[in-house]
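What follows is a short report on a single structure.
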Amino acid sequence: MNTEDAATTPQGEAIESDEDFVRLRTKLVLDQARRAGLLGSQKNARISGRVSAALLDAAKQHTRLTSDTELIELALSRLVLEDDFGRRFVRRKGTVPRKLDLEF
């Protein structure tokens, strides 16, 4: 990572690499899912499906996860926890008065 892109963890520790950033982002998503009661010690549902090996390998490489279960938990957590910023943003189209001076 460039020093311009330097970031820190919530504890103030420097994030030194892209890998550190990916691991932190994954941890934060899974922690949020746990706090929301979506993940816990009880695993009482089963999911299965067929996907391309290339997709599975790329997703594992991108997330730095090795377990199919962890990857599915992360993907489902991201899906459930994603915000609706894009939807809200698009809905606001035209709500800012055209005459408003945005100082550009």
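Here's how to read the names in the structure tokens: chain A, B, ... by the order shown, residue numbers from 1 in each chain, ligand numbers from 1 in the order shown.
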If you take only C-alpha atoms and a cut-off of 9 Å, which residues of region 57-103 of chain A touch region 6-30 of chain A, and what are their nearest atom pairs and distances in Å to one decimal, in chain and number order, as JSON lines?
```
{"residue": "A:His62", "atom": "CA", "partner": "A:Val22", "partner_atom": "CA", "distance": 7.8}
{"residue": "A:Thr63", "atom": "CA", "partner": "A:Val22", "partner_atom": "CA", "distance": 6.2}
{"residue": "A:Arg64", "atom": "CA", "partner": "A:Arg23", "partner_atom": "CA", "distance": 7.0}
{"residue": "A:Leu65", "atom": "CA", "partner": "A:Arg23", "partner_atom": "CA", "distance": 8.8}
{"residue": "A:Glu73", "atom": "CA", "partner": "A:Leu30", "partner_atom": "CA", "distance": 7.8}
{"residue": "A:Leu74", "atom": "CA", "partner": "A:Leu30", "partner_atom": "CA", "distance": 6.4}
{"residue": "A:Ser77", "atom": "CA", "partner": "A:Leu30", "partner_atom": "CA", "distance": 6.9}
{"residue": "A:Arg78", "atom": "CA", "partner": "A:Val29", "partner_atom": "CA", "distance": 6.7}
{"residue": "A:Leu81", "atom": "CA", "partner": "A:Val29", "partner_atom": "CA", "distance": 8.1}
```
Please produce a file of the residues just selected, as a tab-separated table (two decimals), in the first residue's frame, where the atoms kept are N, CA and C atoms.
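Ended up saving to part.tsv:
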```
chain	number	residue	atom	x	y	z
A	62	HIS	N	-8.88	-13.70	-2.94
A	62	HIS	CA	-9.22	-12.30	-2.67
A	62	HIS	C	-9.47	-12.06	-1.18
A	63	THR	N	-10.14	-13.00	-0.52
A	63	THR	CA	-10.49	-12.83	0.89
A	63	THR	C	-9.43	-13.38	1.84
A	64	ARG	N	-8.49	-14.12	1.31
A	64	ARG	CA	-7.45	-14.78	2.11
A	64	ARG	C	-8.04	-15.86	3.03
A	65	LEU	N	-9.22	-16.37	2.68
A	65	LEU	CA	-9.85	-17.45	3.44
A	65	LEU	C	-9.51	-18.78	2.77
A	73	GLU	N	-19.93	-17.93	4.79
A	73	GLU	CA	-20.37	-17.06	5.88
A	73	GLU	C	-20.05	-15.60	5.59
A	74	LEU	N	-18.87	-15.34	5.06
A	74	LEU	CA	-18.49	-13.97	4.72
A	74	LEU	C	-19.38	-13.42	3.62
A	77	SER	N	-22.86	-12.83	4.96
A	77	SER	CA	-22.84	-11.70	5.90
A	77	SER	C	-22.76	-10.38	5.16
A	78	ARG	N	-21.91	-10.31	4.15
A	78	ARG	CA	-21.81	-9.08	3.37
A	78	ARG	C	-23.13	-8.76	2.69
A	81	LEU	N	-25.65	-7.62	5.48
A	81	LEU	CA	-25.27	-6.41	6.20
A	81	LEU	C	-25.01	-5.21	5.29
```
As a ChimeraX atom specification, please: every residue in chain A that a backbone DSSP assignment puts in alpha helix (DSSP H). /A:18-35,53-63,68-81,85-91
Dump as a tab-separated table (two decimals), in the first residue's frame, selection limited to C-alpha atoms:
```tsv
chain	number	residue	atom	x	y	z
A	18	ASP	CA	-3.24	-4.92	1.18
A	19	GLU	CA	-3.35	-8.32	2.85
A	20	ASP	CA	-3.66	-6.67	6.28
A	21	PHE	CA	-6.51	-4.55	4.93
A	22	VAL	CA	-8.36	-7.56	3.47
A	23	ARG	CA	-7.99	-9.51	6.70
A	24	LEU	CA	-9.23	-6.55	8.78
A	25	ARG	CA	-12.21	-5.96	6.49
A	26	THR	CA	-13.14	-9.65	6.66
A	27	LYS	CA	-12.80	-9.67	10.44
A	28	LEU	CA	-14.96	-6.55	10.83
A	29	VAL	CA	-17.74	-7.98	8.63
A	30	LEU	CA	-17.79	-11.27	10.52
A	31	ASP	CA	-17.66	-9.48	13.89
A	32	GLN	CA	-20.63	-7.33	12.86
A	33	ALA	CA	-22.54	-10.44	11.77
A	34	ARG	CA	-21.83	-12.06	15.16
A	35	ARG	CA	-23.05	-8.95	17.01
A	53	ALA	CA	-13.48	-23.71	-9.52
A	54	ALA	CA	-12.04	-20.47	-10.91
A	55	LEU	CA	-14.66	-18.41	-9.04
A	56	LEU	CA	-14.09	-20.30	-5.80
A	57	ASP	CA	-10.30	-20.01	-6.06
A	58	ALA	CA	-10.48	-16.30	-6.90
A	59	ALA	CA	-12.83	-15.60	-3.98
A	60	LYS	CA	-10.58	-17.47	-1.56
A	61	GLN	CA	-7.50	-15.70	-2.87
A	62	HIS	CA	-9.22	-12.30	-2.67
A	63	THR	CA	-10.49	-12.83	0.89
A	68	ASP	CA	-15.51	-22.99	2.02
A	69	THR	CA	-17.65	-22.48	5.14
A	70	GLU	CA	-15.84	-19.27	6.11
A	71	LEU	CA	-16.16	-18.00	2.55
A	72	ILE	CA	-19.91	-18.69	2.46
A	73	GLU	CA	-20.37	-17.06	5.88
A	74	LEU	CA	-18.49	-13.97	4.72
A	75	ALA	CA	-20.41	-13.73	1.45
A	76	LEU	CA	-23.80	-14.14	3.13
A	77	SER	CA	-22.84	-11.70	5.90
A	78	ARG	CA	-21.81	-9.08	3.37
A	79	LEU	CA	-25.07	-9.58	1.50
A	80	VAL	CA	-27.22	-9.27	4.62
A	81	LEU	CA	-25.27	-6.41	6.20
A	85	PHE	CA	-26.45	3.76	0.14
A	86	GLY	CA	-26.68	3.27	-3.62
A	87	ARG	CA	-30.44	2.84	-3.54
A	88	ARG	CA	-30.91	5.88	-1.30
A	89	PHE	CA	-28.51	7.92	-3.43
A	90	VAL	CA	-30.38	7.17	-6.65
A	91	ARG	CA	-33.73	7.93	-4.98
```
Based on the backbone DSSP call, show me all residues of chain A assigned strand (DSSP E or B), as a PyMOL selection string. chain A and resi 7-8+14-15
